[in-house]
Every structure is written in structure tokens, then in C-alpha cells.
$ cat coords_23.tsv   # TSV, C-alpha atoms
chain	number	residue	atom	x	y	z
A	1	MET	CA	-13.09	7.28	9.49
A	2	PHE	CA	-14.13	6.76	5.90
A	3	ASP	CA	-16.09	3.85	4.45
A	4	HIS	CA	-14.77	4.02	0.89
A	5	ILE	CA	-13.17	6.38	-1.61
A	6	THR	CA	-13.32	6.73	-5.40
A	7	ILE	CA	-10.69	8.03	-7.81
A	8	THR	CA	-12.01	9.03	-11.24
A	9	ALA	CA	-9.35	8.38	-13.87
A	10	SER	CA	-8.52	10.09	-17.16
A	11	ASP	CA	-7.43	6.70	-18.57
A	12	TYR	CA	-9.48	4.07	-16.78
A	13	ALA	CA	-7.57	1.04	-18.09
A	14	LYS	CA	-4.17	2.51	-17.20
A	15	SER	CA	-5.26	3.56	-13.71
A	16	ARG	CA	-7.04	0.28	-13.05
A	17	ALA	CA	-3.88	-1.64	-13.97
A	18	PHE	CA	-1.75	0.67	-11.81
A	19	TYR	CA	-3.98	0.23	-8.76
A	20	GLU	CA	-4.43	-3.51	-9.24
A	21	THR	CA	-0.65	-3.96	-9.11
A	22	THR	CA	0.02	-1.36	-6.41
A	23	LEU	CA	-2.82	-2.28	-4.05
A	24	ALA	CA	-1.75	-5.93	-4.15
A	25	SER	CA	1.01	-4.76	-1.77
A	26	PHE	CA	-1.78	-4.36	0.80
A	27	LYS	CA	-3.42	-7.67	-0.14
A	28	MET	CA	-6.19	-5.71	-1.85
A	29	LYS	CA	-7.66	-7.08	-5.07
A	30	PRO	CA	-10.59	-6.33	-7.39
A	31	LEU	CA	-13.77	-7.46	-5.63
A	32	TYR	CA	-16.35	-5.75	-7.84
A	33	GLU	CA	-16.21	-4.63	-11.44
A	34	GLU	CA	-18.37	-3.18	-14.15
A	35	LYS	CA	-16.21	-3.72	-17.22
A	36	ASP	CA	-14.50	-0.55	-18.43
A	37	ILE	CA	-16.48	1.62	-15.98
A	38	VAL	CA	-15.55	0.97	-12.33
A	39	THR	CA	-13.54	-1.43	-10.17
A	40	GLY	CA	-13.78	-1.75	-6.40
A	41	PHE	CA	-10.66	-3.00	-4.58
A	42	GLY	CA	-10.44	-4.37	-1.08
A	43	VAL	CA	-9.58	-7.29	1.17
A	44	ASP	CA	-13.04	-8.30	2.44
A	45	ARG	CA	-15.16	-5.70	0.64
A	46	PRO	CA	-14.51	-2.91	-1.85
A	47	VAL	CA	-13.19	0.21	-0.13
A	48	PHE	CA	-11.07	1.81	-2.87
A	49	TRP	CA	-12.73	2.45	-6.21
A	50	VAL	CA	-11.35	3.49	-9.60
A	51	SER	CA	-13.89	4.74	-12.12
A	52	LYS	CA	-13.99	6.04	-15.65
A	53	HIS	CA	-14.54	9.78	-16.01
A	54	ASP	CA	-17.52	11.27	-17.83
A	55	THR	CA	-19.33	14.61	-17.94
A	56	GLU	CA	-20.83	14.08	-14.49
A	57	HIS	CA	-17.66	12.66	-12.92
A	58	PRO	CA	-14.54	14.71	-13.74
A	59	VAL	CA	-11.03	13.33	-13.39
A	60	SER	CA	-9.74	13.30	-9.82
A	61	THR	CA	-6.69	15.52	-9.53
A	62	ASN	CA	-4.59	16.81	-6.68
A	63	VAL	CA	-5.82	14.06	-4.32
A	64	HIS	CA	-3.68	12.73	-1.47
A	65	ILE	CA	-4.52	9.29	-0.07
A	66	ALA	CA	-2.44	7.59	2.64
A	67	PHE	CA	-2.62	3.86	3.31
A	68	ARG	CA	-1.65	2.74	6.83
A	69	CYS	CA	0.93	-0.07	6.88
A	70	ASP	CA	1.95	-2.59	9.53
A	71	SER	CA	5.69	-2.31	8.88
A	72	GLN	CA	8.43	-0.32	7.21
A	73	GLU	CA	8.97	-3.30	4.90
A	74	LEU	CA	5.41	-2.94	3.61
A	75	VAL	CA	6.03	0.76	2.91
A	76	ASN	CA	9.14	-0.23	0.94
A	77	THR	CA	7.24	-2.93	-0.98
A	78	PHE	CA	4.45	-0.48	-1.82
A	79	HIS	CA	6.96	2.02	-3.22
A	80	GLU	CA	8.81	-0.57	-5.33
A	81	THR	CA	5.57	-2.06	-6.62
A	82	ALA	CA	4.02	1.29	-7.48
A	83	LEU	CA	7.11	2.41	-9.41
A	84	ALA	CA	7.11	-0.85	-11.36
A	85	ALA	CA	3.43	-0.19	-12.18
A	86	VAL	CA	4.21	3.19	-13.87
A	87	GLY	CA	3.86	5.30	-10.74
A	88	LYS	CA	6.22	8.25	-10.42
A	89	ASP	CA	8.42	8.66	-7.37
A	90	HIS	CA	7.21	11.47	-5.12
A	91	GLY	CA	9.24	10.59	-2.03
A	92	ALA	CA	11.36	7.51	-1.39
A	93	PRO	CA	10.73	5.39	1.70
A	94	GLY	CA	12.13	6.94	4.84
A	95	LEU	CA	11.50	8.69	8.11
A	96	ARG	CA	9.60	11.98	8.01
A	97	PRO	CA	10.29	13.42	11.48
A	98	GLN	CA	8.74	16.73	10.44
A	99	TYR	CA	5.36	14.92	10.63
A	100	HIS	CA	6.04	12.66	13.62
A	101	GLU	CA	9.24	11.20	15.08
A	102	LYS	CA	8.32	7.65	13.95
A	103	TYR	CA	6.56	8.59	10.70
A	104	TYR	CA	7.98	6.29	7.99
A	105	ALA	CA	6.44	6.80	4.57
A	106	ALA	CA	6.81	6.64	0.81
A	107	PHE	CA	4.94	8.61	-1.84
A	108	VAL	CA	4.14	7.95	-5.49
A	109	LEU	CA	2.07	9.78	-8.09
A	110	ASP	CA	-0.59	7.73	-9.84
A	111	PRO	CA	-1.20	8.08	-13.63
A	112	ASP	CA	-3.25	11.26	-13.02
A	113	GLY	CA	-0.74	12.79	-10.61
A	114	ASN	CA	-2.61	11.98	-7.40
A	115	ASN	CA	-0.31	11.60	-4.38
A	116	ILE	CA	-0.58	8.05	-3.03
A	117	GLU	CA	1.22	7.37	0.25
A	118	ALA	CA	2.05	4.36	2.39
A	119	VAL	CA	2.77	5.19	6.03
A	120	TYR	CA	3.95	3.29	9.11
A	121	GLY	CA	4.39	4.54	12.67
A	122	ASN	CA	1.91	7.39	12.58
A	123	SER	CA	0.35	6.69	15.96
$ encode --input "coords_23.tsv" --output "C-alpha cells"
Amino acid sequence: MFDHITITASDYAKSRAFYETTLASFKMKPLYEEKDIVTGFGVDRPVFWVSKHDTEHPVSTNVHIAFRCDSQELVNTFHETALAAVGKDHGAPGLRPQYHEKYYAAFVLDPDGNNIEAVYGNS
């Protein structure tokens, strides 16, 4: 199990706005921020971070992050919200029996092309 994760963005402001809107689907909000450098999102404490890239911290690319959901409706809401926040569709909500018979998921690409997933029924 992980404690937290950081995505380093090519355009910090655009990615921060995308994640603020998208993560609200999961009741996550900005809980820590250093203006124009890093934002930590979470419910009770920051667990998902978006940071500005620099020479020591290159842009995160080709990352796949899956958020566990409590219902198919939440997966649907995530997908709709992410698309409205400039995410690109990478797999509409639906069953993915090739992964698991009850695996219901949706996928979007964030502003840097990272694959962000919401999944229900993966247990």
C-alpha cells in the first residue's frame, strides 16, 4: 500500500486545475499548497500531489494511477468530471471482464497523457 504519490506536471497550473476538478469526484481537495510549486490533495491528509517540473524533477509521463471507488456511479461521475476538466477519454465507463468479472472502470488521460483510472468491483 502506498502512502502518497506525486505527479510532476509540464504545465503546473493546467494540471493543478485538472486534478482539483477531477479529484473532487472522490471528495478530495487541496489540503496543502506552495503557490505555483506543489499542491497536495486528499480527504483527511494530502495523499496525491501535483508539482511543477524543474531540472531535478522531470515531467511525469506514462504513469497509470487507479483510484478505487465505492460504486459504478462514482466511476461514471469521475469520467464525466475529468472530461469536463480537459481530460481526454481513454476508456468510457464499463465492465472490463478481461481484468476481473466485476471490474468496472473508466480511464482518462491527464494534461500530460498520464492514464488516470477509476475502478469499482476489483476485489
$ closest_residue --input "coords_23.tsv" --among "A:Asp112, A:Val59, A:Arg45, A:Lys27" --to "His4 (chain A)" --atoms "all atoms listed in the file"
A:Arg45
$ residues_near_point --input "coords_23.tsv" --point "(-0.3, 3.9, 4.8)" --cutoff "7 Å" --atoms "all atoms listed in the file" --output "MDAnalysis selection string"
chainID A and resid 66:69 117:120
$ write_last_selection --input "coords_23.tsv" --atoms "C-alpha atoms" --output "PDB file, keeping the file's coordinate frame"
ATOM      1  CA  ALA A  66      -2.440   7.590   2.640  1.00  0.00           C
ATOM      2  CA  PHE A  67      -2.620   3.860   3.310  1.00  0.00           C
ATOM      3  CA  ARG A  68      -1.650   2.740   6.830  1.00  0.00           C
ATOM      4  CA  CYS A  69       0.930  -0.070   6.880  1.00  0.00           C
ATOM      5  CA  GLU A 117       1.220   7.370   0.250  1.00  0.00           C
ATOM      6  CA  ALA A 118       2.050   4.360   2.390  1.00  0.00           C
ATOM      7  CA  VAL A 119       2.770   5.190   6.030  1.00  0.00           C
ATOM      8  CA  TYR A 120       3.950   3.290   9.110  1.00  0.00           C
TER       9      TYR A 120
END
$ closest_atom_pairs --input "coords_23.tsv" --of "region 9-77 of chain A" --to "region 90-98 of chain A" --cutoff "12 Å" --atoms "all atoms listed in the file" --output "CSV"
residue,atom,partner,partner_atom,distance
A:His64,CA,A:His90,CA,11.6
A:Ser71,CA,A:Pro93,CA,11.7
A:Gln72,CA,A:Pro93,CA,8.3
A:Glu73,CA,A:Pro93,CA,9.4
A:Leu74,CA,A:Pro93,CA,10.1
A:Val75,CA,A:Pro93,CA,6.7
A:Asn76,CA,A:Pro93,CA,5.9
A:Thr77,CA,A:Pro93,CA,9.4
$ atom_distance --input "coords_23.tsv" --atom1 "CA of Lys102 (chain A)" --atom2 "CA of Gly121 (chain A)"
5.2 Å
$ atom_distance --input "coords_23.tsv" --atom1 "CA of His79 (chain A)" --atom2 "CA of Phe107 (chain A)"
7.0 Å
$ residues_around --input "coords_23.tsv" --residues "Pro111 (chain A)" --least-positions-apart "3" --cutoff "10 Å" --atoms "all atoms listed in the file" --output "PyMOL selection string"
chain A and resi 9-12+14-16+18-19+85-88+108+114-115
$ closest_residue --input "coords_23.tsv" --among "A:Phe26, A:Tyr99, A:Phe48, A:Tyr104" --to "Ile65 (chain A)" --atoms "only C-alpha atoms"
A:Phe48
$ atom_distance --input "coords_23.tsv" --atom1 "CA of Val43 (chain A)" --atom2 "CA of Thr21 (chain A)"
14.0 Å
$ closest_residue --input "coords_23.tsv" --among "A:Asp110, A:Asp36, A:Glu101, A:Glu56" --to "Asp89 (chain A)" --atoms "only C-alpha atoms"
A:Asp110
$ closest_residue --input "coords_23.tsv" --among "A:Glu33, A:Met28, A:His100, A:Thr22" --to "Ile116 (chain A)" --atoms "only C-alpha atoms"
A:Thr22
$ closest_residue --input "coords_23.tsv" --among "A:Pro58, A:Val47, A:Ala84, A:Gly42" --to "Met1 (chain A)" --atoms "all atoms listed in the file"
A:Val47
$ residues_around --input "coords_23.tsv" --residues "Tyr32 (chain A)" --least-positions-apart "5" --cutoff "8 Å" --atoms "only C-alpha atoms" --output "list in words"
Thr39, Gly40, Phe41 and Pro46 of chain A
$ write_last_selection --input "coords_23.tsv" --atoms "C-alpha atoms" --output "compact mmCIF listing (two decimals), keeping the file's coordinate frame"
# COMPACT_ATOMS: atom_id res chain seq x y z
CA THR A 39 -13.54 -1.43 -10.17
CA GLY A 40 -13.78 -1.75 -6.40
CA PHE A 41 -10.66 -3.00 -4.58
CA PRO A 46 -14.51 -2.91 -1.85
$ closest_residue --input "coords_23.tsv" --among "A:Pro30, A:Tyr103, A:Ser123, A:Ala13" --to "Ser51 (chain A)" --atoms "all atoms listed in the file"
A:Ala13
